[in-house]
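Enquirer: Take a look at input-v1.cif, mmCIF, C-alpha atoms:
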data_start
loop_
_atom_site.label_atom_id
_atom_site.label_comp_id
_atom_site.auth_asym_id
_atom_site.auth_seq_id
_atom_site.Cartn_x
_atom_site.Cartn_y
_atom_site.Cartn_z
CA MET A 1 -0.39 28.01 -0.14
CA HIS A 2 2.98 27.12 -1.63
CA PRO A 3 6.14 28.97 -0.62
CA ALA A 4 7.16 32.16 -2.37
CA ALA A 5 10.62 32.91 -3.69
CA THR A 6 13.30 32.00 -1.18
CA PRO A 7 16.66 33.83 -0.84
CA ALA A 8 19.57 31.44 -1.14
CA LEU A 9 21.66 32.72 1.75
CA ARG A 10 18.92 33.18 4.33
CA PRO A 11 20.09 32.14 7.84
CA GLY A 12 17.80 30.51 10.37
CA TYR A 13 16.18 27.12 10.90
CA TRP A 14 14.95 24.26 8.72
CA CYS A 15 11.72 22.49 9.65
CA GLU A 16 10.44 19.20 8.22
CA ALA A 17 7.50 16.83 8.57
CA ILE A 18 8.01 13.19 7.57
CA ALA A 19 5.76 10.12 7.83
CA LEU A 20 7.36 6.73 8.46
CA HIS A 21 5.53 3.41 8.21
CA ALA A 22 6.92 1.39 11.12
CA THR A 23 6.14 -1.99 9.51
CA THR A 24 7.45 -1.49 5.97
CA GLY A 25 9.99 1.26 6.71
CA HIS A 26 8.64 3.34 3.84
CA THR A 27 9.25 7.06 4.28
CA HIS A 28 6.91 9.78 3.02
CA TRP A 29 8.18 13.35 3.02
CA LEU A 30 5.27 15.68 3.85
CA SER A 31 6.60 19.23 3.85
CA SER A 32 9.43 21.55 4.87
CA HIS A 33 9.76 25.19 5.79
CA PRO A 34 12.53 27.74 6.51
CA ALA A 35 12.13 29.81 9.67
CA SER A 36 14.10 32.84 10.79
CA SER A 37 13.87 32.20 14.56
CA PRO A 38 13.28 29.36 17.05
CA ARG A 39 9.82 30.75 17.85
CA LEU A 40 8.77 30.75 14.18
CA ALA A 41 10.16 27.23 13.76
CA LEU A 42 8.10 26.04 16.73
CA ARG A 43 5.04 27.80 15.35
CA TRP A 44 5.40 25.81 12.09
CA LEU A 45 5.78 22.52 14.00
CA ARG A 46 2.61 23.34 15.95
CA GLN A 47 0.70 24.11 12.75
CA ARG A 48 1.75 20.78 11.24
CA ALA A 49 0.79 18.96 14.45
CA ILE A 50 -2.66 20.59 14.33
CA HIS A 51 -3.07 19.53 10.68
CA ILE A 52 -2.10 15.94 11.48
CA GLY A 53 -4.17 15.83 14.66
CA ASP A 54 -7.31 16.96 12.81
CA GLN A 55 -7.11 13.75 10.78
CA LEU A 56 -6.67 11.37 13.71
CA ASP A 57 -9.27 9.51 15.74
CA GLY A 58 -9.84 10.39 19.41
CA PRO A 59 -7.32 8.07 21.14
CA ASP A 60 -4.53 8.99 18.71
CA ARG A 61 -5.41 12.69 18.80
CA ARG A 62 -5.20 13.13 22.57
CA PRO A 63 -1.36 13.00 22.76
CA VAL A 64 -1.19 15.59 19.98
CA GLU A 65 -3.48 17.95 21.89
CA SER A 66 -1.44 17.35 25.05
CA TRP A 67 1.77 18.33 23.24
CA LEU A 68 0.12 21.41 21.71
CA HIS A 69 -0.75 22.70 25.22
CA ASP A 70 2.52 21.70 26.93
CA ASP A 71 4.21 25.06 27.65
CA ASN A 72 7.18 23.41 29.37
CA GLU A 73 7.87 21.24 26.33
CA HIS A 74 7.62 24.26 24.03
CA GLN A 75 10.11 26.18 26.14
CA TYR A 76 12.43 23.17 26.02
CA ALA A 77 12.15 23.17 22.22
CA LEU A 78 12.99 26.87 22.06
CA ASP A 79 16.01 26.38 24.32
CA VAL A 80 17.30 23.45 22.25
CA LEU A 81 17.02 25.39 18.99
CA ALA A 82 18.51 28.58 20.46
CA THR A 83 21.59 26.66 21.64
CA GLY A 84 22.20 25.04 18.23
CA GLY A 85 20.48 21.68 18.73
CA MET A 86 17.77 19.87 16.82
CA TYR A 87 14.27 19.40 18.24
CA ALA A 88 12.10 16.43 17.23
CA HIS A 89 8.58 15.35 18.13
CA THR A 90 6.86 12.12 17.02
CA ILE A 91 3.11 11.59 16.56
CA HIS A 92 1.84 7.99 16.52
CA GLU A 93 -1.06 6.63 14.46
CA ASP A 94 -1.25 2.81 14.36
CA ALA A 95 1.81 1.78 12.32
CA LEU A 96 2.50 5.34 11.14
CA ARG A 97 4.96 7.68 12.80
CA TYR A 98 4.85 11.39 11.97
CA LEU A 99 8.22 13.00 12.74
CA LEU A 100 8.30 16.79 13.14
CA THR A 101 11.79 18.29 13.33
CA ALA A 102 13.49 21.68 13.41
CA ARG A 103 17.22 22.30 13.27
CA PRO A 104 19.55 25.29 12.78
CA LEU A 105 20.90 26.02 9.32
CA PRO A 106 24.64 26.70 8.98
CA SER A 107 25.42 30.31 9.85
CA GLN A 108 27.71 30.59 6.86
CA ALA A 109 28.21 28.74 3.61
CA PRO A 110 30.49 25.69 3.70
CA ARG A 111 33.88 26.02 2.05
CA PRO A 112 34.21 24.56 -1.47
CA GLY A 113 34.39 20.80 -1.19
CA GLN A 114 33.15 20.81 2.42
CA ARG A 115 29.90 18.99 3.22
CA PRO A 116 27.99 19.75 6.40
CA GLN A 117 27.96 16.70 8.65
CA PRO A 118 24.89 15.60 10.64
CA THR A 119 25.04 16.40 14.35
CA SER A 120 25.14 13.63 16.95
CA MET A 121 21.50 14.39 17.75
CA GLU A 122 20.54 14.00 14.07
CA LYS A 123 22.30 10.64 13.93
CA THR A 124 20.46 9.49 17.06
CA HIS A 125 16.97 10.86 16.50
CA MET A 126 16.61 11.03 12.72
CA PRO A 127 17.21 7.55 11.26
CA ASN A 128 14.51 8.31 8.69
CA HIS A 129 15.80 11.72 7.65
CA PRO A 130 16.04 11.67 3.82
CA ALA A 131 19.78 12.39 3.78
CA CYS A 132 20.39 9.42 6.09
CA LEU A 133 17.83 6.80 5.13
CA THR A 134 17.88 7.40 1.38
CA SER A 135 21.54 8.18 0.76
CA PRO A 136 23.05 7.13 -2.58
CA ALA A 137 24.02 3.50 -3.02
CA VAL A 138 27.31 2.24 -4.42
CA THR A 139 27.32 -0.48 -7.11
CA THR A 140 29.90 -1.92 -9.47
CA ARG A 141 28.97 0.99 -11.79
CA GLY A 142 29.83 3.53 -9.12
CA VAL A 143 27.57 5.79 -7.10
CA VAL A 144 23.90 5.76 -8.05
CA PRO A 145 22.43 9.28 -7.82
CA TYR A 146 20.21 10.00 -4.83
CA ILE A 147 17.14 10.73 -7.00
CA THR A 148 17.47 7.61 -9.18
CA GLN A 149 14.66 5.08 -8.88
CA TRP A 150 15.47 1.40 -8.24
CA SER A 151 13.69 -1.63 -9.69
CA GLY A 152 12.58 -2.62 -6.18
CA GLU A 153 10.79 0.70 -5.72
CA ARG A 154 7.51 0.08 -7.47
CA PRO A 155 4.63 2.57 -7.20
CA ALA A 156 1.76 1.26 -5.13
CA ASP A 157 -1.27 -0.01 -7.07
CA VAL A 158 -3.71 2.59 -5.80
CA ARG A 159 -7.26 3.10 -7.08
CA VAL A 160 -8.04 6.71 -8.00
CA ILE A 161 -11.47 8.23 -7.54
CA GLU A 162 -13.17 11.62 -7.60
CA ARG A 163 -13.80 13.09 -4.16
CA ARG A 164 -15.06 16.61 -3.45
CA GLY A 165 -14.49 17.69 -7.03
CA ARG A 166 -10.86 16.59 -7.30
CA LEU A 167 -8.70 13.55 -7.90
CA ALA A 168 -8.09 11.38 -4.83
CA TYR A 169 -6.87 7.97 -3.70
CA ALA A 170 -9.58 5.62 -2.52
CA ASP A 171 -7.55 4.91 0.63
CA GLU A 172 -5.96 8.35 0.92
CA ARG A 173 -3.82 9.22 3.96
CA SER A 174 -2.54 12.57 5.16
CA TYR A 175 0.94 11.99 3.71
CA ASP A 176 -0.43 11.64 0.16
CA ARG A 177 -0.85 15.41 -0.21
CA ASP A 178 1.50 18.32 0.43
CA THR A 179 0.51 21.39 2.42
CA GLY A 180 -0.91 22.95 -0.73
CA GLY A 181 -3.27 20.00 -1.24
CA VAL A 182 -1.45 18.52 -4.25
CA LEU A 183 -1.76 14.73 -4.58
CA TRP A 184 1.62 12.98 -4.91
CA ARG A 185 2.68 9.67 -6.38
CA ARG A 186 2.76 7.00 -3.69
CA ILE A 187 6.00 5.04 -3.92
CA PRO A 188 8.24 3.31 -1.36
CA SER A 189 11.72 4.68 -0.72
CA THR A 190 14.13 1.74 -0.54
CA PRO A 191 17.27 2.73 -2.50
CA GLY A 192 19.58 -0.20 -3.12
CA LYS A 193 16.73 -2.68 -3.51
CA GLY A 194 16.98 -4.25 -6.97
CA LYS A 195 18.82 -2.53 -9.78
CA PRO A 196 19.15 1.20 -10.44
CA GLU A 197 16.91 2.45 -13.24
CA PHE A 198 19.06 5.26 -14.61
CA GLY A 199 16.89 7.88 -16.22
CA ALA A 200 13.92 7.15 -13.93
CA VAL A 201 13.45 9.72 -11.15
CA HIS A 202 12.14 8.74 -7.73
CA ALA A 203 9.21 11.04 -6.92
CA LEU A 204 9.79 11.35 -3.17
CA ARG A 205 13.56 11.84 -3.31
CA GLN A 206 13.30 14.38 -6.16
CA ARG A 207 10.76 16.34 -4.14
CA VAL A 208 12.89 16.15 -0.97
CA ALA A 209 16.05 17.20 -2.83
CA MET A 210 14.35 20.08 -4.63
CA ALA A 211 12.47 21.51 -1.66
CA GLY A 212 15.31 20.86 0.80
CA LEU A 213 18.11 21.99 -1.56
CA LEU A 214 19.88 18.65 -1.39
CA CYS A 215 22.39 17.46 -3.97
CA GLN A 216 20.64 15.27 -6.53
CA VAL A 217 23.70 12.99 -6.68
CA CYS A 218 24.78 12.39 -3.06
CA GLY A 219 21.72 13.58 -1.11
CA ARG A 220 23.70 15.96 1.12
CA PRO A 221 23.15 19.75 1.23
CA ALA A 222 23.79 21.43 -2.12
CA ASP A 223 26.73 23.80 -2.41
CA ARG A 224 26.12 27.47 -1.69
CA ASN A 225 28.38 30.49 -1.47
CA ASP A 226 27.97 34.28 -1.60
CA HIS A 227 26.69 34.00 -5.18
CA GLY A 228 23.98 31.43 -4.46
CA VAL A 229 23.14 27.73 -4.68
CA LEU A 230 24.82 25.58 -7.35
CA TRP A 231 22.61 24.17 -10.12
CA LEU A 232 23.89 22.09 -13.03
CA MET A 233 21.83 22.19 -16.22
CA GLY A 234 22.33 19.41 -18.76
CA GLU A 235 21.04 21.50 -21.66
CA ALA A 236 23.29 24.25 -23.00
CA PRO A 237 22.31 26.59 -25.87
CA ASP A 238 24.89 28.13 -28.13
CA ALA A 239 24.71 31.34 -26.09
CA PRO A 240 23.85 30.44 -22.48
CA GLY A 241 24.52 34.02 -21.41
CA THR A 242 21.30 34.98 -23.17
CA TRP A 243 19.17 32.77 -20.92
CA PRO A 244 16.42 34.84 -19.30
CA GLN A 245 16.05 34.87 -15.54
CA GLY A 246 13.19 32.67 -14.39
CA LEU A 247 14.17 29.32 -15.93
CA GLU A 248 12.04 26.37 -14.80
CA THR A 249 13.55 22.97 -14.02
CA THR A 250 12.82 19.64 -12.38
CA HIS A 251 16.53 19.04 -11.71
CA PRO A 252 17.54 19.59 -8.04
CA PRO A 253 20.80 21.41 -7.23
CA VAL A 254 24.18 19.78 -6.67
CA CYS A 255 27.15 19.99 -4.32
CA GLN A 256 30.57 21.10 -5.52
CA PRO A 257 32.34 17.71 -5.41
CA CYS A 258 29.51 15.95 -7.29
CA ALA A 259 29.32 18.74 -9.89
CA SER A 260 33.05 18.56 -10.58
CA VAL A 261 32.96 14.79 -11.00
CA SER A 262 29.77 14.79 -13.07
CA VAL A 263 30.98 17.20 -15.76
CA ARG A 264 34.08 15.04 -16.24
CA ALA A 265 32.56 11.56 -15.96
CA CYS A 266 29.15 11.92 -17.64
CA PRO A 267 29.38 11.67 -21.47
CA HIS A 268 26.29 13.87 -21.88
CA LEU A 269 27.55 16.61 -19.57
CA ARG A 270 31.04 16.55 -21.09
CA GLN A 271 29.47 17.77 -24.33
CA ARG A 272 26.90 20.30 -23.10
CA TYR A 273 26.16 21.76 -19.68
CA VAL A 274 25.66 25.06 -17.91
CA ALA A 275 26.36 25.67 -14.22
CA LEU A 276 24.39 28.34 -12.40
CA ARG A 277 24.65 30.11 -9.05
CA VAL A 278 21.05 30.77 -8.05
CA ARG A 279 20.31 33.48 -5.49
CA SER A 280 16.52 33.07 -5.38
CA TRP A 281 14.06 30.44 -6.53
CA THR A 282 10.36 29.63 -6.35
CA PRO A 283 8.48 26.30 -6.42
CA VAL A 284 5.95 26.98 -9.21
CA GLY A 285 4.29 23.67 -10.02
CA VAL A 286 4.59 19.94 -10.54
CA HIS A 287 5.07 17.47 -13.36
CA GLY A 288 2.97 14.34 -13.27
CA ALA A 289 0.03 12.30 -14.54
CA LEU A 290 -2.97 14.44 -15.52
CA TYR A 291 -6.51 13.02 -15.23
CA ARG A 292 -9.99 14.25 -16.10
CA PRO A 293 -13.37 13.36 -14.57
CA GLY A 294 -14.82 10.13 -15.96
CA HIS A 295 -17.22 7.30 -15.26
CA PRO A 296 -16.90 5.10 -13.33
CA HIS A 297 -13.39 6.38 -12.52
CA PRO A 298 -11.19 9.37 -13.51
CA VAL A 299 -9.43 8.96 -16.87
CA LEU A 300 -5.67 9.41 -17.42
CA THR A 301 -5.15 11.90 -20.26
CA ASP A 302 -1.54 13.09 -20.32
CA ALA A 303 1.79 13.59 -18.58
CA ALA A 304 2.25 17.31 -18.12
CA GLY A 305 3.69 20.15 -16.10
CA ILE A 306 0.98 21.97 -14.14
CA PRO A 307 1.46 25.34 -12.36
CA PHE A 308 0.15 25.59 -8.81
CA ASP A 309 -2.31 28.31 -9.84
CA ASN A 310 -3.82 26.19 -12.65
CA PRO A 311 -7.19 24.57 -11.73
CA ALA A 312 -5.92 21.36 -13.35
CA ILE A 313 -3.64 20.93 -10.31
CA GLN A 314 -6.68 19.30 -8.66
CA TRP A 315 -6.51 16.48 -11.24
CA VAL A 316 -2.83 15.56 -11.24
CA ILE A 317 -0.76 12.92 -9.47
CA ALA A 318 2.50 14.79 -9.02
CA ALA A 319 5.80 13.01 -9.66
CA GLN A 320 8.31 15.90 -9.67
CA LEU A 321 8.47 19.37 -8.17
CA VAL A 322 9.13 22.19 -10.65
CA MET A 323 11.38 25.03 -9.50
CA ARG A 324 11.72 28.45 -11.13
CA LEU A 325 15.25 29.86 -10.90
CA ASP A 326 14.42 33.53 -10.46
CA HIS A 327 17.87 35.14 -10.28
CA PHE A 328 21.13 33.45 -11.27
CA THR A 329 24.60 33.95 -12.72
CA LEU A 330 26.71 31.58 -14.80
CA THR A 331 29.67 29.79 -13.24
CA ASP A 332 32.15 26.95 -13.87
CA PRO A 333 32.25 24.20 -11.20
CA THR A 334 35.62 22.92 -12.45
CA THR A 335 37.36 26.23 -11.79
CA GLU A 336 35.43 26.89 -8.56
CA ALA A 337 36.80 23.67 -7.11
CA ARG A 338 40.42 24.73 -7.58
#
Can you present the structure in this file as structure tokens?
Expert:
Amino acid sequence: MHPAATPALRPGYWCEAIALHATTGHTHWLSSHPASSPRLALRWLRQRAIHIGDQLDGPDRRPVESWLHDDNEHQYALDVLATGGMYAHTIHEDALRYLLTARPLPSQAPRPGQRPQPTSMEKTHMPNHPACLTSPAVTTRGVVPYITQWSGERPADVRVIERRGRLAYADERSYDRDTGGVLWRRIPSTPGKGKPEFGAVHALRQRVAMAGLLCQVCGRPADRNDHGVLWLMGEAPDAPGTWPQGLETTHPPVCQPCASVSVRACPHLRQRYVALRVRSWTPVGVHGALYRPGHPHPVLTDAAGIPFDNPAIQWVIAAQLVMRLDHFTLTDPTTEAR
């Protein structure tokens, strides 16, 4: 089940599950979830641990079961979260490390131009958090956006098969699918390796930025105020005020500083753009490579956007998360920054 519409200014806690390959350093974002209390955050971490543990062999599963029944550890987690800290638990499987984390969200929106800074605990215990490990790189052409793919980030050559009536990888691992069962493009995350491929979007970082409301340019939390989260649309009709609520996009939000710079520096945005303050949004589908059953292997047919409730979602390798912007108002990032 994929998340329903989420209010932009909801206080509480942010939970994440990430897989890290200890040998290659490749990071795979698994899922995230907002929680309104420490107890609900811990409940989500336990559910993810159960899901991961169900896929492990006996020796690797025993530590997971021990953690699931450790009441003292759970109380410690609740105490840490209630006092404003971040709780993290790691599950080991051969060279894989599954990192489950929960941390408080800011109690109020940051001031314009202010970016929330990671806590000392985040710096110590989350070296593979997306905002830290995959931050934007700086080249002679300036800052490369967080979601841009680099020439050194080549998708793995993975054989696809049909398994249980749906598309699958022949060597599929738990991190290849999200909590809704959607199969995602397998690609390493090593920004800065090679040359930036402007116009090509990195599947993992786009998904992380969209689901986690990170700025697509710098990778830090997107800007939010009393009117909602800031989104910058590169397509502007003659009468943007006539746009209906419920627009769908694969572009993640932005922070205020990056929005202000982008609309001045980008030739495309200087000509046409619309800035939105979005109060609620809903992940509604994915865009990716669509297959159909075939012999001896599934056959690639198209690149398409597929809603989560479409049966074809079982036959897609997702590359980007699609978000519906349910309720929004127009704004101007250049005047907001003043």
Enquirer: Given only C-alpha atoms as the basis, pick out the residue of A:Gln206, A:Thr335, A:Gln47, A:Ser36 nearest to Glu65 (chain A).
Expert: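 Of all the options, A:Gln47 lies closest to Glu65 (chain A).
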Enquirer: Any chance you could resolve the PyMOL selection byres ((chain A and resi 180) around 12) against this file and give the residues as a ChimeraX atom specification?
Expert: /A:1-3,30-32,175-179,181-184,283-286,308-309,313-314
Enquirer: Do you know which residues the PyMOL selection byres ((chain A and resi 33) around 10) returns on this file, as a PyMOL selection string?
Expert: chain A and resi 3+13-17+31-32+34-35+41+44-45+102+211-212
Enquirer: State, in Å with one decimal place, the distance from CA of Thr148 (chain A) to CA of Ile317 (chain A).
Expert: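 Atom-to-atom, CA of Thr148 (chain A) to CA of Ile317 (chain A), that is 19.0 Å.
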Enquirer: Just want the 10 Å neighbourhood of Ala312 (chain A), counted on all atoms listed in the file, with same-chain residues fewer than 4 positions away dropped. Output as a PDB file with C-alpha atoms, keeping the file's coordinate frame.
Expert:
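File around_37.pdb, as written:
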ATOM      1  CA  ARG A 166     -10.860  16.590  -7.300  1.00  0.00           C
ATOM      2  CA  LEU A 167      -8.700  13.550  -7.900  1.00  0.00           C
ATOM      3  CA  LEU A 290      -2.970  14.440 -15.520  1.00  0.00           C
ATOM      4  CA  TYR A 291      -6.510  13.020 -15.230  1.00  0.00           C
ATOM      5  CA  ARG A 292      -9.990  14.250 -16.100  1.00  0.00           C
ATOM      6  CA  ILE A 306       0.980  21.970 -14.140  1.00  0.00           C
ATOM      7  CA  PRO A 307       1.460  25.340 -12.360  1.00  0.00           C
ATOM      8  CA  PHE A 308       0.150  25.590  -8.810  1.00  0.00           C
ATOM      9  CA  VAL A 316      -2.830  15.560 -11.240  1.00  0.00           C
TER      10      VAL A 316
END
